[in-house]
Amino acid sequence: MTHGVKLGYCRIDGMCGGPVIRVDVLTSSPIFLAGIVQVLTSAGIQVVAERTSPDMEPSWIADAALIDVEGLPLSDDLAYIRETAKHTEVLVLNNGDGTDSYLHAGALGVIGKQETAERVVSAVRAVASGSRVLPGEREARLMLGHGGEEPRHHLSEREEQVLRQISRGLTHGQIATRLGISPHTVDTYVKRIRTKLGVGNKAELTRAALLGRRAGSESGGPRTAA
């Protein structure tokens with residue numbers, strides 16, 4: 001496994017795109033795992049960890065974790081999701097039950113295992129970019145994290161990504177590695193974020209990041225302007 005800048009990708013159909021999304025996949029079924037890995041890889045998404053048990057080592061450089069709840073102990077599934085969400089964005093695969101519980105535990109998205117390959121790919125990309133994903137009849141609210149509202153204080157998508165990593169307590173160096181950019185670039189984004197949010201020091205910036213993450217996690221619907 002190599003670290004550094006995430007290069008652009010080309011799918012098997014020859015179409016090329018931007019930075020590669022890195023995903024950690026956990027499911028108890030080896031057959032299902034092989035299928036998910038093939039689907040994601042074909043879409044240009046890099047699977048950096050293939051796990052059939054929560055006891056296996058996760059990837060700390062993943063942009064998102066795709067977790068099949070059938071691969072988790074029933075009595076400990078929410079605790080595991082809650083802990084994973086401290087380090088990366090989480091997309092839960094389930095059979096239609098417990099959506100709100102998973103979201104309250106910190107998952108950014110939940111989709112059903114019966115969804116199409118295209119839907120899974122779309123959901124992974126949305127969660128990796130910080131957007132909320134909901135299943136079934138709630139699909140219309142796919143990007144609930146933005147909810148049709150202007151991004152908070154007009155932060156760019158990359159600035160929002162940096163702010164989310166700050167809320168998890170990552171250093172500038174760790175953020176740089178995770179996002180595939182240089183520490184100097186992270187410093188530049190942090191300066192811009194401070195200016196836009198009107199905060200002067202690291203403590204204030206961290207507090208703003210945590211408040212923003214809490215608002216996104218606890219929101220049961222699109223955010224509305226005050």
# chains A, B, ... in the order shown; residues from 1 in each chain; ligands from 1
>>> residues_around(residues="Tyr189 (chain A)", least_positions_apart="4", cutoff="10 Å", atoms="only C-alpha atoms", output="PyMOL selection string")
chain A and resi 155-156+158-163+183-185+193-195
>>> closest_atom_pairs(of="region 10-97 of chain A", to="region 169-181 of chain A", cutoff="10 Å", atoms="only C-alpha atoms", output="CSV")
residue,atom,partner,partner_atom,distance
A:Pro19,CA,A:Gly180,CA,8.5
A:Val20,CA,A:Gly180,CA,9.3
A:Ile21,CA,A:Leu179,CA,9.3
A:Arg22,CA,A:Arg178,CA,9.1
A:Trp60,CA,A:Arg178,CA,8.1
A:Ile61,CA,A:Arg178,CA,5.1
A:Ala62,CA,A:Arg178,CA,7.1
A:Asp63,CA,A:Arg178,CA,7.0
A:Lys86,CA,A:Gly169,CA,9.0
A:His87,CA,A:Leu170,CA,8.7
A:Thr88,CA,A:Arg178,CA,9.6
>>> write_last_selection(atoms="N, CA and C atoms", output="compact mmCIF listing (two decimals), in the first residue's frame")
# COMPACT_ATOMS: atom_id res chain seq x y z
N PRO A 19 -9.81 12.45 -8.56
CA PRO A 19 -9.10 11.73 -7.50
C PRO A 19 -9.81 10.44 -7.13
N VAL A 20 -9.02 9.42 -6.84
CA VAL A 20 -9.56 8.11 -6.49
C VAL A 20 -10.14 8.14 -5.07
N ILE A 21 -11.30 7.55 -4.90
CA ILE A 21 -11.91 7.38 -3.58
C ILE A 21 -11.42 6.05 -3.02
N ARG A 22 -11.00 6.06 -1.76
CA ARG A 22 -10.48 4.85 -1.12
C ARG A 22 -11.51 4.35 -0.10
N TRP A 60 -6.72 2.88 7.80
CA TRP A 60 -6.85 4.22 8.37
C TRP A 60 -6.77 5.31 7.30
N ILE A 61 -6.43 4.93 6.05
CA ILE A 61 -6.38 5.96 4.99
C ILE A 61 -7.66 5.98 4.16
N ALA A 62 -8.64 5.13 4.50
CA ALA A 62 -9.88 5.06 3.72
C ALA A 62 -10.66 6.37 3.83
N ASP A 63 -11.26 6.78 2.71
CA ASP A 63 -12.12 7.95 2.70
C ASP A 63 -13.51 7.61 3.23
N LYS A 86 -15.71 7.84 14.04
CA LYS A 86 -14.78 8.82 14.61
C LYS A 86 -13.59 9.04 13.69
N HIS A 87 -13.34 8.07 12.80
CA HIS A 87 -12.13 8.10 11.99
C HIS A 87 -12.40 8.28 10.49
N THR A 88 -13.58 7.89 10.03
CA THR A 88 -13.88 8.02 8.61
C THR A 88 -15.38 8.05 8.41
>>> residues_around(residues="region 23-37 of chain A", least_positions_apart="5", cutoff="8 Å", atoms="only C-alpha atoms", output="list in words")
Ile45, Gln46, Val47, Val48, Ala49, Glu50, Arg51, Thr52, Ser53, Pro54, Pro58, Ser59, Ala62, Asp63, Ala64, Ala65, Leu66, Ile67, Asp68, Val69, Glu70, Gly71 and Leu72 of chain A
>>> closest_residue(among="A:Thr206, A:Ser75, A:Ser131, A:Ser182", to="Glu89 (chain A)", atoms="only C-alpha atoms")
A:Ser131
>>> closest_residue(among="A:Leu74, A:Met56, A:Leu134, A:Val127", to="Ile111 (chain A)", atoms="only C-alpha atoms")
A:Leu134
>>> residues_around(residues="Val121 (chain A)", least_positions_apart="4", cutoff="8 Å", atoms="only C-alpha atoms", output="ChimeraX atom specification")
/A:39-40,43,117,125
>>> closest_residue(among="A:Ala128, A:Leu103, A:Gly44, A:Arg207", to="Arg168 (chain A)", atoms="only C-alpha atoms")
A:Arg207
>>> closest_residue(among="A:Ala105, A:Leu78, A:Val186, A:Ile166", to="Ala203 (chain A)", atoms="only C-alpha atoms")
A:Ile166
>>> closest_residue(among="A:Val190, A:Val110, A:Ala79, A:Val124", to="Gln165 (chain A)", atoms="only C-alpha atoms")
A:Val190
>>> select_by_dssp(residues="region 97-197 of chain A", states="strand (DSSP E or B)", output="PDB file with N, CA and C atoms, in the first residue's frame")
ATOM      1  N   GLY A 109     -24.461   7.450   5.930  1.00  0.00           N
ATOM      2  CA  GLY A 109     -25.417   6.936   4.963  1.00  0.00           C
ATOM      3  C   GLY A 109     -25.843   5.515   5.274  1.00  0.00           C
ATOM      4  N   VAL A 110     -27.038   5.155   4.804  1.00  0.00           N
ATOM      5  CA  VAL A 110     -27.563   3.798   4.945  1.00  0.00           C
ATOM      6  C   VAL A 110     -28.282   3.436   3.658  1.00  0.00           C
ATOM      7  N   ILE A 111     -27.955   2.278   3.070  1.00  0.00           N
ATOM      8  CA  ILE A 111     -28.675   1.795   1.893  1.00  0.00           C
ATOM      9  C   ILE A 111     -28.953   0.312   2.052  1.00  0.00           C
ATOM     10  N   GLY A 112     -29.947  -0.182   1.315  1.00  0.00           N
ATOM     11  CA  GLY A 112     -30.317  -1.578   1.382  1.00  0.00           C
ATOM     12  C   GLY A 112     -29.387  -2.462   0.561  1.00  0.00           C
ATOM     13  N   VAL A 133     -26.723   9.878   2.850  1.00  0.00           N
ATOM     14  CA  VAL A 133     -27.397   8.951   1.930  1.00  0.00           C
ATOM     15  C   VAL A 133     -28.443   8.159   2.705  1.00  0.00           C
TER      16      VAL A 133
END
>>> atom_distance(atom1="CA of Tyr102 (chain A)", atom2="CA of Glu204 (chain A)")
28.9 Å
